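Structure first, then comments.
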Amino acid sequence: MIGEGSHSTNQRRHNYVQENVEVGFFTDPTVCIGCKACEVACKEWNQVPDDGFTWSGNSYDNTGHLGASTWRHVMFVEQDRRKGNQIVGSHSLGNGDGDPSAGASAKAEDPFRWVFLSDVCKHCEEAGCLEACPTGSIVRTEVGSVLVQNDVCNGCGYCVVSCPFGVIDRRPSPLPDAGGAFKCTFCYDRQKSGLVPACAKVCPTESIVFGRLDDLRAQAAKRVQQLQEAGYQDAQLYDPTETSVRGIHAFFLILGEPEAYGLPPKPQIPTIYLKSAWTSAFATAIAAVIATLCAFAFL
Amino acid sequence: MAEAHPVGFRWAMKAKERGATIIHVDPRFSRTSALADIWVPLRAGTDIAFLGGLIRHLIENDLFFREYVVPYTNASCILSDEYRDPEDNGDGYFSGWDEEKRAYEDDSWLYKGGDLSRPERDLTLQHPQCVFQKLKRHFSRYKPEMVEKICGIPPQLFHKVADALVAASGPKKTAAVCYAVGWTQHSKGVQIIRAAAILQLLLGNIGRPGGGILALRGHASIQGSTDIPTLYDILPGYLTMPHKGDETLQQYLDNYTKKTGLWSGYPKYMVSTLKAYYGKRATAENDFGYSWLPKLTGNHSFFEFLYDMLDGKMEGMFLMGQNPAVGAPNSRLQRKALSKLKWLVVRDMVEIESANFWRESPEIDRGELKAEDIETEVFFFPAAGHAEKEGAFTNTQRLLQWREKAVDPPGDCRSEAWFMHQLALRLMAKAKASTDPIDESLRALDWWYPEDELGDPNMEAVLAEINGWYTDPVAGGGDSGRTDGIVFGRDREGNPHHGKQVNGFAELKADGSTASGCWIYSGVLGRDGENKANLRKSKDYLGHGWGFAWPSDRRIIYNRASARPDGSPWSEQKKLVWWDSEKWTGIDVPGFVKGKPPDYEPEVGAEGLDAIPGDAPFILHEDGLGWLYVPKGLKDGPLPTHYEPLESPVSNELYSHETNPAVHWFTRSENRYAPPGDAKFPFVLTTYRLTEHHTAGGMSRFLSHLAELQPEMFAEISPELARDLKISNGDYICIVTLRGAIEARALVSRRIRPLHLDGKTLHQVALPYHYGTAGVVRGDAANDLLTISGEPNVTIMEAKALTCNIMPGRLPRGRAFAEFLNEYAPQSGLTDLHPEQPAKGGEKMHSHAQEGKT
């Protein structure tokens, strides 16, 4: 909740690492103001280099996507839809401000909304990157987060293709530590010292909430209900517990469909295909042997 | 607010969470609009028409808070029979206009009889000459249909706003107005805020919790820089800078001391200020050193001396924390002016455009200036960052917050205080070696401040002086820092310097026995030795115990208005200060004489605060009332009136005069205005700030983590305009005005909507103004397009409403630029294209070079 000051879980010191408590991020775009303080705080604390000065033309989003040098990414989604009961100019009053020469059709409702959502590594319950990592560089921490140990990573890149969300990436040259795989650390170093992750710490409206995972899930369910009662009919939680990732530790409230935010509706970790992949490989091999034998049989 | 004050917007979001309705009025759909309940797009520069419409709505439909308005405002005051309103002739002029001086004589605006302290009143509000009736008539034509015609706000949307405001005001509720430079940077900026004040007074939202008008400042401590001013026309604590004619202290005090109200203490505040400046050298015999203060002979604002710079009448300049080559209007002209200086001192954290203009400006690139021809000697002094220096910020809500130094600044970087202190020491040494009488004011300065090992003055000692003390030094007093009510009792040489602290401005005297650097801050460091700006434990929801709010740690000013005339709270949920049958008490520090009962009636001839009745909350005013109508003090009229921006695509729907008559045009060939409705400049141009950047970019464009978030100059245009001009999102476009042309990427978005005024479609173009030619990311400066103009009261430029044209494609570089500009904005011909503009030189009041030494 906004304005709890030092009582907020975003500001309180804690011992989650020492106590082996599962923690998470709950991100709520209905209070996000798109200030990008999370992006800046993340880069400052973690000393993440800039990744280019390219203007995208995509609303106010010049960050683009998560990557080796972008561990927080605020999306700016402009949609021709209504946000709760918001009145946007005369659009929502049934006399839309479209071209009046277009006649009666332009007078119909003409909604618009601008949604901000701060994206981050999901720290999956079953993490594709972690399962794919051959060196043991990627580990599960005491607080349930997924951490890349950069001094162990050999830069093989298996994790990159194994992430169902496209989060983790290898850092290109000539940036520092080029070649290694990078992503959000959940500020593990800060957490070990009882500090809150940098992004949550600076979020002025507590759109990013850090805390105990079970508390956050309860809080999020309540928030969705509250928003739906307040006219946000398309408010829902994005926390794919039914798929093979079995839930995410950084989960989101979203307005509308997950695709609009670049979130896969049914994310799966690649290892679930192992059985079928091996089965078909085995079947192919048998078939090949039989075919070969057959070929020789007619000699 | 979300865009430029994201941290403060936390509280707006908290209010929304608790059920508040957030209304955002802005030409463009910004990050604030995205979170608001109602977004009201309007044509830039038409705020008075909109607010006037709301005022009319409240009056005509009897929706104002009558129980509050009748006793607490000047609605009932009877005006002079000489007063004439713009409605009388429909011409837009008030009575008293002097065409030759292009200024008003304000005598006819006074109350009947001319006495501001005891106005004649009609509490039924029926008298035809009473303020209420005049106000009603003044705004009578600001109907919803007129609002639509002028602002482009449809009546249905207008009523949504009006209904929300009315529903959120009254005995049990309050509504607040927050504004920033989107309201101030207009040719009638002061009157826009005045219109908000009228609205809030009519709704009973002043002096009550959750109400008020909050000025969101442009950057940190801008409130502080008017309290302890970096302005030419006021002294600390809003004391008036002496003018020519105020030759003796007595003449000066006679001119500015009010008989009634809090300003009756003026001599105490002024003499204490002089004692802080000159210490022992200020005596009753020498008028406390009054003669050492310079006397104003005219407008010495930034724009006036900019023209003097251009004309070679100014030799040098100190530039500290400012980047006019990017951040000031008509920045092409700003850069040219810098090149005419002999010397220029720039103090900043990075080499900003105002320091490197001589080698890297667009003018060099275009061959308009040559580095080898520029004789300006630039001295660049590296400045300390905000974590590298100590001091106080005063922000919105008049709150002083102390900030300690986290680390020493690197290398030669130093704080502003260090620079000014060291400069003062050197100048005073020079003055002491001279016998010229002009240097006497420097020789007389009481520059006592203790230093630290870096040579920085002790900032708490400065704060102690601002708070004020008894001037008689106490031998041995304050040896251990803070004892017996003495704080920093010894000067830099170790000699006893002053006596005990005062505990508030009520203790200040006009006889030289007290000193105070800024009377309104008095109480921040009193006899208990506690730096209250540095307190960090709030005890209640108003934040008492966190920092110090001037005056007297009062969190809500004029809070007597939070109680009914009889002294009881308006309601349980909005109680703040009340009368408990013996004294005023409550949650806030009462802004009223503690023992003055609600039914107190002053005797005839009473003076000072004794002349303020028990039910008059606005104690700074001579009549103790909230001013719906300003009988004295404004230069462009006692009531806000809709005038078109100086550059406008349409004509004034309400009056025959288009623009604010008293405005300063700063006519010059490089500073020309397009006439109203000029087809060459059909679009409305407005400028704004992005969250990712800070003003002129000195603190953001040079940092990769911020610069990469908004790496290029862009212009926001609507899909409709883009279609008309065959522009696609991301295309390069040129924006052209009579002052210049810049290049930007087109950001096509439905966040910018075309307006429909009277059947005509009007397009607006919005430009961020952060970019320049230095730093990690570079781009053209939006301010190249702006005019230098001066609002009549405070000489602020009109940066939020101008006209422009757009050309698809890239801006020609080098010498081809001049041809391009001339093609779309002819650079020769008349300098006064606007019919209401005086010819060159016709209005310039004074030139510095002519003033001589005073």
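Naming works like this for the structure tokens: A, B, ... for the chains as they're shown, residue 1 at the start of each chain, ligands 1 onward in shown order.
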Would you mind listing, for every residue of chain A within 6 Å of chain B, the two atoms forming the shortest contact and the distance between them in Å to one decimal, using only C-alpha atoms, sorted by chain and ascending residue number, as a tab-separated table?
residue	atom	partner	partner_atom	distance
A:Ile2	CA	B:Lys14	CA	5.6
A:Cys35	CA	B:Thr691	CA	6.0
A:Val40	CA	B:His705	CA	5.9
A:Phe53	CA	B:Glu708	CA	4.8
A:Trp55	CA	B:Pro711	CA	5.7
A:Gly57	CA	B:Gly730	CA	5.4
A:Asn62	CA	B:Leu709	CA	5.6
A:Gln86	CA	B:Asp37	CA	4.8
A:Ile87	CA	B:Ile38	CA	4.6
A:Val88	CA	B:Trp39	CA	4.9
A:Gly89	CA	B:Val40	CA	5.0
A:Trp114	CA	B:Ala34	CA	5.6
A:Pro204	CA	B:Val7	CA	5.2
A:Thr205	CA	B:Arg10	CA	4.8
Give me a file of those residues, with N, CA and C atoms, as a PDB file, in the first residue's frame.
ATOM      1  N   ILE A   2       0.469   2.213  -0.806  1.00  0.00           N
ATOM      2  CA  ILE A   2       1.242   3.448  -0.921  1.00  0.00           C
ATOM      3  C   ILE A   2       1.217   4.210   0.399  1.00  0.00           C
ATOM      4  N   CYS A  35       7.830   6.191 -14.418  1.00  0.00           N
ATOM      5  CA  CYS A  35       8.959   7.118 -14.193  1.00  0.00           C
ATOM      6  C   CYS A  35      10.305   6.476 -14.502  1.00  0.00           C
ATOM      7  N   VAL A  40      16.598   2.806 -13.598  1.00  0.00           N
ATOM      8  CA  VAL A  40      17.808   3.560 -13.261  1.00  0.00           C
ATOM      9  C   VAL A  40      18.445   3.005 -11.986  1.00  0.00           C
ATOM     10  N   PHE A  53      22.042   4.169 -27.311  1.00  0.00           N
ATOM     11  CA  PHE A  53      21.222   5.372 -27.195  1.00  0.00           C
ATOM     12  C   PHE A  53      20.333   5.467 -28.423  1.00  0.00           C
ATOM     13  N   TRP A  55      16.680   5.801 -30.144  1.00  0.00           N
ATOM     14  CA  TRP A  55      15.306   6.252 -29.949  1.00  0.00           C
ATOM     15  C   TRP A  55      14.398   5.303 -30.712  1.00  0.00           C
ATOM     16  N   GLY A  57      10.839   5.333 -31.026  1.00  0.00           N
ATOM     17  CA  GLY A  57       9.571   5.776 -31.624  1.00  0.00           C
ATOM     18  C   GLY A  57       8.384   4.992 -31.107  1.00  0.00           C
ATOM     19  N   ASN A  62      12.157   3.530 -24.755  1.00  0.00           N
ATOM     20  CA  ASN A  62      13.389   3.437 -25.528  1.00  0.00           C
ATOM     21  C   ASN A  62      14.298   2.338 -24.990  1.00  0.00           C
ATOM     22  N   GLN A  86     -12.003   5.598 -16.372  1.00  0.00           N
ATOM     23  CA  GLN A  86     -11.290   6.825 -16.705  1.00  0.00           C
ATOM     24  C   GLN A  86     -11.979   7.592 -17.837  1.00  0.00           C
ATOM     25  N   ILE A  87     -12.041   8.912 -17.658  1.00  0.00           N
ATOM     26  CA  ILE A  87     -12.561   9.786 -18.707  1.00  0.00           C
ATOM     27  C   ILE A  87     -11.366  10.451 -19.369  1.00  0.00           C
ATOM     28  N   VAL A  88     -11.189  10.156 -20.638  1.00  0.00           N
ATOM     29  CA  VAL A  88     -10.021  10.629 -21.367  1.00  0.00           C
ATOM     30  C   VAL A  88     -10.492  11.648 -22.395  1.00  0.00           C
ATOM     31  N   GLY A  89     -10.358  12.914 -22.059  1.00  0.00           N
ATOM     32  CA  GLY A  89     -10.881  13.948 -22.948  1.00  0.00           C
ATOM     33  C   GLY A  89     -12.351  13.703 -23.161  1.00  0.00           C
ATOM     34  N   TRP A 114      -3.248   4.464 -21.617  1.00  0.00           N
ATOM     35  CA  TRP A 114      -1.781   4.339 -21.630  1.00  0.00           C
ATOM     36  C   TRP A 114      -1.414   3.576 -20.363  1.00  0.00           C
ATOM     37  N   PRO A 204       8.244   5.073  -6.500  1.00  0.00           N
ATOM     38  CA  PRO A 204       7.564   6.107  -5.706  1.00  0.00           C
ATOM     39  C   PRO A 204       6.104   5.772  -5.384  1.00  0.00           C
ATOM     40  N   THR A 205       5.471   4.955  -6.186  1.00  0.00           N
ATOM     41  CA  THR A 205       4.064   4.656  -5.914  1.00  0.00           C
ATOM     42  C   THR A 205       3.857   3.210  -5.478  1.00  0.00           C
TER      43      THR A 205
END
**Prompt:** Got a sec: who's within 10 Å of region 150-165 of chain A, counting only C-alpha atoms, leaving out chain neighbours fewer than 6 positions off, as a PyMOL selection string?
**Reply:** chain A and resi 66-67+120-122+124+127-138+171+177-182+245+262-264+266-271
**Message:** So, with only C-alpha atoms as the atoms that count, which of B:Lys800, B:Lys632, B:Arg414, B:Lys268 lies closest to Ser108 (chain B)?
**Reply:** B:Lys632
**Message:** As an exercise, work out the distance from CA of Lys222 (chain A) to CA of Thr27 (chain A) in Å and give it to one decimal place.
**Reply:** 13.6 Å
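Every protein or nucleic acid residue with an atom no more than 6 Å from Gly499 (chain B), counting only C-alpha atoms and leaving out same-chain residues fewer than 3 positions away, appears here: B:Tyr470, B:Thr471, B:Asp472, B:Pro473, B:Val474, B:Ile486.
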Please write the residues from the selection above to a file, keeping C-alpha atoms, as a PDB file, in the first residue's frame.
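Below you can see selection22.pdb, which holds the result:
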ATOM      1  CA  TYR B 470      20.017  39.254  19.775  1.00  0.00           C
ATOM      2  CA  THR B 471      22.877  41.329  18.490  1.00  0.00           C
ATOM      3  CA  ASP B 472      24.753  42.105  21.726  1.00  0.00           C
ATOM      4  CA  PRO B 473      27.611  39.615  21.917  1.00  0.00           C
ATOM      5  CA  VAL B 474      27.938  37.715  25.152  1.00  0.00           C
ATOM      6  CA  ILE B 486      23.683  31.070  21.928  1.00  0.00           C
TER       7      ILE B 486
END
**Between CA of Leu685 (chain B) and CA of Leu725 (chain B) - distance in Å to one decimal** =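 Between these atoms lies a distance of 16.1 Å.
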**Asked** What is the CA of Phe357 (chain B)-CA of Pro768 (chain B) distance in Å, reported with one decimal?
**Response**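 Taking CA of Phe357 (chain B) as the start and CA of Pro768 (chain B) as the end point, the length is 20.9 Å.
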**Asked** Hey, what's within 12 Å of Pro144 (chain B) if we count only C-alpha atoms and toss same-chain stuff fewer than 2 positions away? As JSON, numbers by chain, please?
**Response** {"B": [49, 50, 51, 52, 53, 54, 55, 56, 57, 60, 139, 140, 141, 142, 146, 147, 148, 149, 150, 151, 152, 153, 154, 155, 156, 157, 158, 159, 160, 161, 162]}
**Asked** Among region 12-230 of chain B, which ones does DSSP place in strand (DSSP E), written as number ranges by chain?
**Response** B: 23-25, 38-40, 97-98, 103-104, 177-179, 213-215
Export of the given selection (C-alpha atoms) as a PDB file, in the first residue's frame:
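Saved file out.pdb follows:
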ATOM      1  CA  ILE B  23      -8.468  15.681 -12.668  1.00  0.00           C
ATOM      2  CA  HIS B  24      -5.650  16.481 -15.054  1.00  0.00           C
ATOM      3  CA  VAL B  25      -5.892  19.509 -17.329  1.00  0.00           C
ATOM      4  CA  ILE B  38     -10.456  12.691 -15.834  1.00  0.00           C
ATOM      5  CA  TRP B  39      -8.139  14.081 -18.495  1.00  0.00           C
ATOM      6  CA  VAL B  40      -9.161  17.473 -19.822  1.00  0.00           C
ATOM      7  CA  TRP B  97      -4.757  52.294 -18.535  1.00  0.00           C
ATOM      8  CA  ASP B  98      -2.019  54.654 -19.660  1.00  0.00           C
ATOM      9  CA  ALA B 103       0.858  50.347 -17.820  1.00  0.00           C
ATOM     10  CA  TYR B 104      -2.041  50.718 -15.419  1.00  0.00           C
ATOM     11  CA  VAL B 177      -5.085  22.516  -6.879  1.00  0.00           C
ATOM     12  CA  CYS B 178      -1.539  21.609  -7.923  1.00  0.00           C
ATOM     13  CA  TYR B 179       0.203  23.496 -10.682  1.00  0.00           C
ATOM     14  CA  ILE B 213      -3.025  25.738  -4.135  1.00  0.00           C
ATOM     15  CA  LEU B 214       0.283  23.924  -4.357  1.00  0.00           C
ATOM     16  CA  ALA B 215       3.030  25.350  -6.491  1.00  0.00           C
TER      17      ALA B 215
END
**Request:** Measuring atom to atom with only C-alpha atoms, identify which of A:Glu125, A:Val139, A:Lys201, A:Gly256 is nearest to Thr243 (chain A).
**Result:**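 Of the candidates, the smallest distance to Thr243 (chain A) is held by A:Glu125.
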